Amino acid sequence: DAKTTQPPSMDCAEGRAANLPCNHSTISGNEYVYWYRQIHSQGPQYIIHGLKNNETNEMASLIITEDRKSSTLILPHATLRDTAVYYCIVRAQETSGSRLTFGEGTQLTVNP
Amino acid sequence: GAVVSQHPSWVICKSGTSVKIECRSLDFQATTMFWYRQFPKQSLMLMATSNEGSKATYEQGVEKDKFLINHASLTLSTLTVTSAHPEDSSFYICSARVAGVPREFFGPGTRLTVL
């Protein structure tokens with residue numbers, strides 16, 4: 001699976017949009033971009049994933065560049081409960097044994 | 001839906017004893033379950049992948065005789081830390097996948113402290 005690079009930490013004001021970047025310059029054509037987050041001392045939580053097109057769900061939006069070498073996770077209106085470590089992961093989707101390789105992620109701190 | 005539970009949520013044991021951690025998919029049948037370990041201020045490290053009815057596949061550097069994984073049914077996987085030592089103290093997290101669903105569902109984790 002392709003390696004990802006994320007900033008180690010970011011701050012965001014409550015109510016503002018949080019934009020979390022991820023670089024994955026070696027991504028292959030069949031690899032998806034996944035985002036998970038982990039609130040302190042809890043199991044990771046799935047946020048969103050995509051292949052080429054931008055995706056949006058009730059939690060966030062995922063913007064993938066046209067060359068697919070980078071992406072941005074957008075939390076449109078961050079709340080204090082969004083404080084967590086956010087992991088950007090690239091992996092092939094379909095194989096049931098395909099595993100997630102977690103990097104160091106980005107510690108997002110939402111400030112009041 | 002798609003809830004994964006772990007039991008216990010935390011456990012303290014003496015050095016040399018064995019500890020069993022259960023991972024259950026409550027409302028679905030999991031084709032594959034994964035076990036992770038997370039040390040303080042570090043990321044999750046995959047320990048092993050298990051499929052129901054077959055032997056687990058361990059990641060490089062993970063001792064299969066020390067971390068016994070049993071995946072006896074489509075809703076239950078267990079991790080047994082044998083002869084635990086203080087360096088095994090960690091946060092153990094399981095996840096489960098369902099065929100056709102392109103993401104994992106994670107359990108809440110088990111905090112193991114070995115004295």
# chains A, B, ... in the order shown; residues from 1 in each chain; ligands from 1
>>> interface_residues(of="chain B", to="chain A", cutoff="8 Å", atoms="only C-alpha atoms", output="list in words")
Thr31, Thr32, Gln42, Ser43, Leu44, Met45, Leu46, Thr49, Ile93, Arg97, Val98, Ala99, Gly100, Pro102, Arg103, Glu104, Phe105, Phe106, Gly107, Pro108 and Gly109 of chain B
>>> write_last_selection(atoms="C-alpha atoms", output="PDB file, in the first residue's frame")
ATOM      1  CA  THR B  31     -15.521 -12.733   7.544  1.00  0.00           C
ATOM      2  CA  THR B  32     -12.240 -11.349   8.809  1.00  0.00           C
ATOM      3  CA  GLN B  42       1.984   5.669  19.223  1.00  0.00           C
ATOM      4  CA  SER B  43      -0.106   4.573  16.289  1.00  0.00           C
ATOM      5  CA  LEU B  44      -1.946   1.290  15.900  1.00  0.00           C
ATOM      6  CA  MET B  45       0.191  -1.669  14.874  1.00  0.00           C
ATOM      7  CA  LEU B  46      -1.476  -4.637  13.218  1.00  0.00           C
ATOM      8  CA  THR B  49      -5.422 -11.177  10.697  1.00  0.00           C
ATOM      9  CA  ILE B  93      -8.035  -3.192  19.588  1.00  0.00           C
ATOM     10  CA  ARG B  97     -14.848  -6.848   8.154  1.00  0.00           C
ATOM     11  CA  VAL B  98     -17.872  -8.100   6.310  1.00  0.00           C
ATOM     12  CA  ALA B  99     -17.667  -9.411   2.763  1.00  0.00           C
ATOM     13  CA  GLY B 100     -18.803  -6.740   0.336  1.00  0.00           C
ATOM     14  CA  PRO B 102     -15.372  -1.859   2.090  1.00  0.00           C
ATOM     15  CA  ARG B 103     -14.431  -0.809   5.609  1.00  0.00           C
ATOM     16  CA  GLU B 104     -13.596  -2.112   9.059  1.00  0.00           C
ATOM     17  CA  PHE B 105     -15.641  -1.774  12.196  1.00  0.00           C
ATOM     18  CA  PHE B 106     -13.520  -1.276  15.269  1.00  0.00           C
ATOM     19  CA  GLY B 107     -14.068  -2.356  18.827  1.00  0.00           C
ATOM     20  CA  PRO B 108     -13.616   0.061  21.727  1.00  0.00           C
ATOM     21  CA  GLY B 109     -10.313  -1.472  22.793  1.00  0.00           C
TER      22      GLY B 109
END
>>> atom_distance(atom1="CA of Asp88 in chain B", atom2="CA of Val114 in chain B")
6.9 Å
>>> residues_around(residues="range 9-18 of chain B", least_positions_apart="6", cutoff="8 Å", atoms="only C-alpha atoms", output="ChimeraX atom specification")
/B:80-86,108-115
>>> residues_around(residues="Leu108 in chain A", least_positions_apart="5", cutoff="12 Å", atoms="only C-alpha atoms", output="count of residues only")
31
>>> select_by_dssp(residues="chain A", states="strand (DSSP E)", output="number ranges by chain")
A: 9-13, 18-23, 31-38, 45-50, 55-56, 61-64, 70-75, 84-92, 106-111
>>> write_last_selection(atoms="N, CA and C atoms", output="compact mmCIF listing (two decimals), in the first residue's frame")
# COMPACT_ATOMS: atom_id res chain seq x y z
N SER A 9 0.22 17.78 13.68
CA SER A 9 -0.81 18.41 14.49
C SER A 9 -1.41 19.62 13.77
N MET A 10 -2.66 19.91 14.13
CA MET A 10 -3.37 21.08 13.62
C MET A 10 -4.31 21.57 14.68
N ASP A 11 -4.60 22.86 14.62
CA ASP A 11 -5.59 23.46 15.51
C ASP A 11 -6.70 24.06 14.67
N CYS A 12 -7.87 24.11 15.27
CA CYS A 12 -9.02 24.66 14.58
C CYS A 12 -9.93 25.29 15.62
N ALA A 13 -10.57 26.39 15.26
CA ALA A 13 -11.53 27.01 16.16
C ALA A 13 -12.88 26.34 16.02
N ALA A 18 -12.48 22.51 9.47
CA ALA A 18 -11.15 21.92 9.66
C ALA A 18 -10.76 21.23 8.36
N ASN A 19 -9.61 21.61 7.83
CA ASN A 19 -9.12 21.03 6.58
C ASN A 19 -7.85 20.26 6.85
N LEU A 20 -7.91 18.95 6.75
CA LEU A 20 -6.77 18.11 7.08
C LEU A 20 -6.17 17.56 5.79
N PRO A 21 -4.89 17.90 5.51
CA PRO A 21 -4.27 17.45 4.26
C PRO A 21 -3.59 16.10 4.41
N CYS A 22 -3.43 15.45 3.26
CA CYS A 22 -2.73 14.16 3.22
C CYS A 22 -2.05 14.03 1.86
N ASN A 23 -0.79 13.67 1.88
CA ASN A 23 -0.07 13.41 0.64
C ASN A 23 0.09 11.91 0.44
N GLU A 31 -6.02 1.90 -5.75
CA GLU A 31 -6.00 2.15 -4.31
C GLU A 31 -6.95 3.29 -3.93
N TYR A 32 -7.62 3.08 -2.81
CA TYR A 32 -8.56 4.04 -2.28
C TYR A 32 -7.90 4.85 -1.17
N VAL A 33 -8.46 6.01 -0.93
CA VAL A 33 -8.04 6.84 0.20
C VAL A 33 -9.11 6.72 1.30
N TYR A 34 -8.68 6.30 2.45
CA TYR A 34 -9.56 6.15 3.60
C TYR A 34 -9.16 7.13 4.70
N TRP A 35 -10.16 7.58 5.43
CA TRP A 35 -9.92 8.39 6.61
C TRP A 35 -10.62 7.76 7.81
N TYR A 36 -9.86 7.61 8.88
CA TYR A 36 -10.38 7.18 10.17
C TYR A 36 -9.93 8.20 11.20
N ARG A 37 -10.60 8.20 12.32
CA ARG A 37 -10.14 9.03 13.43
C ARG A 37 -10.22 8.23 14.72
N GLN A 38 -9.39 8.65 15.68
CA GLN A 38 -9.36 7.97 16.96
C GLN A 38 -9.39 9.02 18.06
N GLN A 45 -12.59 5.22 14.36
CA GLN A 45 -13.92 5.39 13.78
C GLN A 45 -13.77 5.73 12.31
N TYR A 46 -14.48 5.01 11.47
CA TYR A 46 -14.46 5.30 10.03
C TYR A 46 -15.11 6.65 9.76
N ILE A 47 -14.49 7.40 8.85
CA ILE A 47 -15.08 8.69 8.47
C ILE A 47 -15.59 8.64 7.04
N ILE A 48 -14.70 8.34 6.10
CA ILE A 48 -15.07 8.43 4.69
C ILE A 48 -13.98 7.77 3.86
N HIS A 49 -14.29 7.40 2.64
CA HIS A 49 -13.27 6.94 1.72
C HIS A 49 -13.66 7.28 0.29
N GLY A 50 -12.67 7.27 -0.61
CA GLY A 50 -12.94 7.60 -2.00
C GLY A 50 -11.83 7.09 -2.90
N GLU A 55 -16.06 13.01 -2.27
CA GLU A 55 -17.11 12.32 -1.55
C GLU A 55 -17.57 13.16 -0.38
N THR A 56 -18.84 13.01 -0.05
CA THR A 56 -19.39 13.72 1.11
C THR A 56 -20.36 12.79 1.83
N SER A 61 -16.32 15.80 4.24
CA SER A 61 -16.12 15.75 2.78
C SER A 61 -14.68 15.36 2.50
N LEU A 62 -14.50 14.64 1.42
CA LEU A 62 -13.17 14.22 1.00
C LEU A 62 -12.92 14.78 -0.39
N ILE A 63 -11.86 15.58 -0.48
CA ILE A 63 -11.49 16.17 -1.76
C ILE A 63 -10.19 15.51 -2.22
N ILE A 64 -10.22 14.87 -3.38
CA ILE A 64 -9.04 14.20 -3.93
C ILE A 64 -8.60 14.97 -5.16
N SER A 70 -2.75 13.70 -3.65
CA SER A 70 -3.05 14.25 -2.33
C SER A 70 -4.55 14.37 -2.16
N SER A 71 -4.94 14.54 -0.90
CA SER A 71 -6.36 14.70 -0.59
C SER A 71 -6.52 15.58 0.64
N THR A 72 -7.74 16.05 0.84
CA THR A 72 -8.05 16.86 2.01
C THR A 72 -9.35 16.39 2.62
N LEU A 73 -9.33 16.17 3.90
CA LEU A 73 -10.55 15.85 4.65
C LEU A 73 -11.07 17.15 5.22
N ILE A 74 -12.34 17.41 5.01
CA ILE A 74 -12.95 18.64 5.50
C ILE A 74 -14.05 18.33 6.49
N LEU A 75 -13.89 18.84 7.71
CA LEU A 75 -14.97 18.81 8.70
C LEU A 75 -15.60 20.19 8.64
N ALA A 84 -9.30 14.78 17.94
CA ALA A 84 -8.94 13.37 17.76
C ALA A 84 -7.69 13.30 16.89
N VAL A 85 -7.15 12.08 16.76
CA VAL A 85 -6.09 11.84 15.79
C VAL A 85 -6.76 11.34 14.51
N TYR A 86 -6.44 11.97 13.40
CA TYR A 86 -7.04 11.64 12.12
C TYR A 86 -6.01 10.92 11.25
N TYR A 87 -6.39 9.75 10.77
CA TYR A 87 -5.49 8.92 9.98
C TYR A 87 -5.96 8.87 8.53
N CYS A 88 -5.04 9.16 7.63
CA CYS A 88 -5.26 9.02 6.19
C CYS A 88 -4.56 7.74 5.77
N ILE A 89 -5.28 6.83 5.15
CA ILE A 89 -4.73 5.52 4.81
C ILE A 89 -5.08 5.20 3.37
N VAL A 90 -4.10 4.67 2.67
CA VAL A 90 -4.31 4.24 1.29
C VAL A 90 -4.28 2.73 1.24
N ARG A 91 -5.25 2.12 0.63
CA ARG A 91 -5.27 0.67 0.52
C ARG A 91 -6.17 0.23 -0.61
N ALA A 92 -5.90 -0.99 -1.07
CA ALA A 92 -6.78 -1.61 -2.04
C ALA A 92 -8.04 -2.01 -1.29
N THR A 106 -2.73 12.87 12.13
CA THR A 106 -2.72 14.29 12.52
C THR A 106 -3.56 14.47 13.78
N GLN A 107 -2.96 15.03 14.80
CA GLN A 107 -3.71 15.35 16.01
C GLN A 107 -4.43 16.68 15.77
N LEU A 108 -5.74 16.61 15.64
CA LEU A 108 -6.55 17.81 15.47
C LEU A 108 -7.08 18.23 16.84
N THR A 109 -6.82 19.45 17.20
CA THR A 109 -7.35 20.01 18.44
C THR A 109 -8.31 21.12 18.07
N VAL A 110 -9.56 20.97 18.49
CA VAL A 110 -10.57 21.99 18.25
C VAL A 110 -10.67 22.84 19.52
N ASN A 111 -10.43 24.12 19.36
CA ASN A 111 -10.40 25.02 20.49
C ASN A 111 -11.69 25.84 20.62
>>> residues_around(residues="Lys64 in chain B", least_positions_apart="3", cutoff="12 Å", atoms="only C-alpha atoms", output="ChimeraX atom specification")
/B:47-49,55-61,67-70,79-82
>>> closest_residue(among="A:Ser28, A:His77, A:Lys52, A:Arg68", to="Gly15 in chain A", atoms="only C-alpha atoms")
A:His77
>>> atom_distance(atom1="CA of Ser54 in chain B", atom2="CA of Phe28 in chain B")
19.1 Å
